[in-house]
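*Asks:* Starting off with a structure, shown below.
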Amino acid sequence: MKQQQANVSVVSANYNNGKYLKQFIDSIMNSSVLPKEIIVVDDGSTDDSAAILKKLSEETDILKPVLMQQNQGFANALNIGLKEVTGAYVLRLDPDDYVHPERIRLQYELLEGNKELDVVGSNAAYFDSDTGKVIFKSNFPASFEEIKKRYHTAMHGVLHGTVMGKTALFIKYGYQQQYVPAEDYAIFARMIAEGAVMQNLPEPLTYVRVHAGSVSNDLNYKAISEPYIICNELFHTNYGKLKTRLTFYHLKFYRRFLFQKNLLKRMWYLLLAVSLNPAKIAARIKR
């Protein structure tokens, strides 16, 4: 019996994640509902990613590798992938992460059943690449009003690697390389500014790998400063450099608290994070 297939295109940009690609592909192929296609843009990797993708594509007919000879940059690579999309919806997933078996089905059914919805995200479980142990789970707001409020205050309302959304919107807005590593805030904030409707499923439907080379492992200042700049432009706010720096160090220390294995260091980082934004920590605990 042929497995059910959704009108969904997985889009991923890969750079030197060769050792994780099989688990990435396997998790998608083990889903209760398959996507129409898996588009992986290899962005000039210097490891064996290209060879692995070629081999996997021989075994997986819906896998469509796009092999770049030179590195184009993360956002540009995603745009290259979007040009190959034939599905009605785009599912974003990074090549060092993997999906819950029900993610495609749940998000696809929600979008198909609610045509006013444009983008659906979910929570994620962050896991240690060495041990496989879940470190923590995200807690994004479910309602559109709360998601919208976040974008109007320079915060993320959906987690990039968890989203499925209408292809037409991704094509319309596209990714902008100059905003990396805040390309996700840029594209979704522009969608919100022009009336897009979003929702998050409460379940952690994506597993995000934390390792030395992952963007989840540390925090780039530009990942915080760019959203404030974009927010000021789109929503006519007036955030300054002090707010940006306080937010950056608060999140930097909070992230180190989450990912640190040494108990004393964990408590130290938590203390630093609380001192910079006690209300934010209290809100996280309350949720």
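If you're wondering about the labels, chains in the structure tokens are A, B, ... by order shown, residues count from 1 in each chain, ligands from 1 in order shown.
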Write out as a list of chain:residue names each polymer residue whose atoms come within 6 Å of Thr162 of chain A, counting only C-alpha atoms; drop sequence neighbours fewer than 2 positions from it.
*Replies:* A:Gly121, A:Ser122, A:Leu159, A:His160, A:Thr206
*Asks:* Give me, as a tab-separated table, each residue of segment 40-158 of chain A that comes within 12 Å of segment 247-251 of chain A, together with its shortest interatomic pair and the distance in Å at one decimal, counting only C-alpha atoms, with rows ordered by chain and rising residue number.
*Replies:*
```
residue	atom	partner	partner_atom	distance
A:Thr153	CA	A:Thr247	CA	11.5
A:Ala154	CA	A:Thr247	CA	10.2
A:Met155	CA	A:Thr247	CA	10.1
```
*Asks:* Kindly export the residues of the current selection with N, CA and C atoms, as a compact mmCIF listing (two decimals), in the first residue's frame.
*Replies:*
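To be explicit, this is the file written out as out08.txt:
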```txt
# COMPACT_ATOMS: atom_id res chain seq x y z
N THR A 153 7.68 43.39 19.03
CA THR A 153 8.66 43.73 20.07
C THR A 153 10.02 43.10 19.77
N ALA A 154 10.29 42.84 18.49
CA ALA A 154 11.59 42.35 18.01
C ALA A 154 11.95 40.96 18.51
N MET A 155 10.92 40.17 18.83
CA MET A 155 11.15 38.79 19.25
C MET A 155 10.58 37.82 18.22
```
*Asks:* Identify, on the basis of only C-alpha atoms, every residue whose closest approach to Trp268 of chain A does not exceed 12 Å; exclude the query and any residue fewer than 6 positions from it along the same chain; express the result as a PyMOL selection string.
*Replies:* chain A and resi 253-254+256-258+260+262+274-275
*Asks:* Could the residues in this selection be written to a file with C-alpha atoms, as a PDB file, in the first residue's frame?
*Replies:*
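Output file part-v2.pdb is given in full below:
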```pdb
ATOM      1  CA  PHE A 253      23.590  34.008  29.528  1.00  0.00           C
ATOM      2  CA  TYR A 254      20.202  32.290  29.546  1.00  0.00           C
ATOM      3  CA  ARG A 256      24.485  29.215  28.357  1.00  0.00           C
ATOM      4  CA  PHE A 257      22.432  28.278  31.416  1.00  0.00           C
ATOM      5  CA  LEU A 258      20.322  25.937  29.272  1.00  0.00           C
ATOM      6  CA  GLN A 260      25.833  24.197  30.294  1.00  0.00           C
ATOM      7  CA  ASN A 262      28.291  21.956  34.996  1.00  0.00           C
ATOM      8  CA  VAL A 274      17.951  37.049  35.879  1.00  0.00           C
ATOM      9  CA  SER A 275      19.871  40.195  36.823  1.00  0.00           C
TER      10      SER A 275
END
```
*Asks:* When you count only C-alpha atoms, which of these residues is closest to Ser225 of chain A: A:Val208, A:Val66, A:Ala273, A:Leu246?
*Replies:* A:Leu246
*Asks:* Please return as an NGL selection string: the residues of segment 5-197 of chain A that backbone DSSP assigns to strand (DSSP E or B).
*Replies:* :A and (5 or 8-14 or 34 or 37-43 or 63-68 or 89-92 or 98-99 or 119-128 or 134-137 or 164-166)
*Asks:* Smallest atom-to-atom distance to Ser27 of chain A: which of A:Ile147, A:Ala168, A:Val197, A:Val99, using only C-alpha atoms?
*Replies:*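 Distance minimum relative to Ser27 of chain A lands on A:Val99.
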*Asks:* Find the residues around segment 10-26 of chain A up to 7 Å (only C-alpha atoms counted), leave out those fewer than 3 positions away in its own chain, and share them as a PyMOL selection string.
*Replies:* chain A and resi 29-30+35+37-49+52+74+77-78+81+90-98
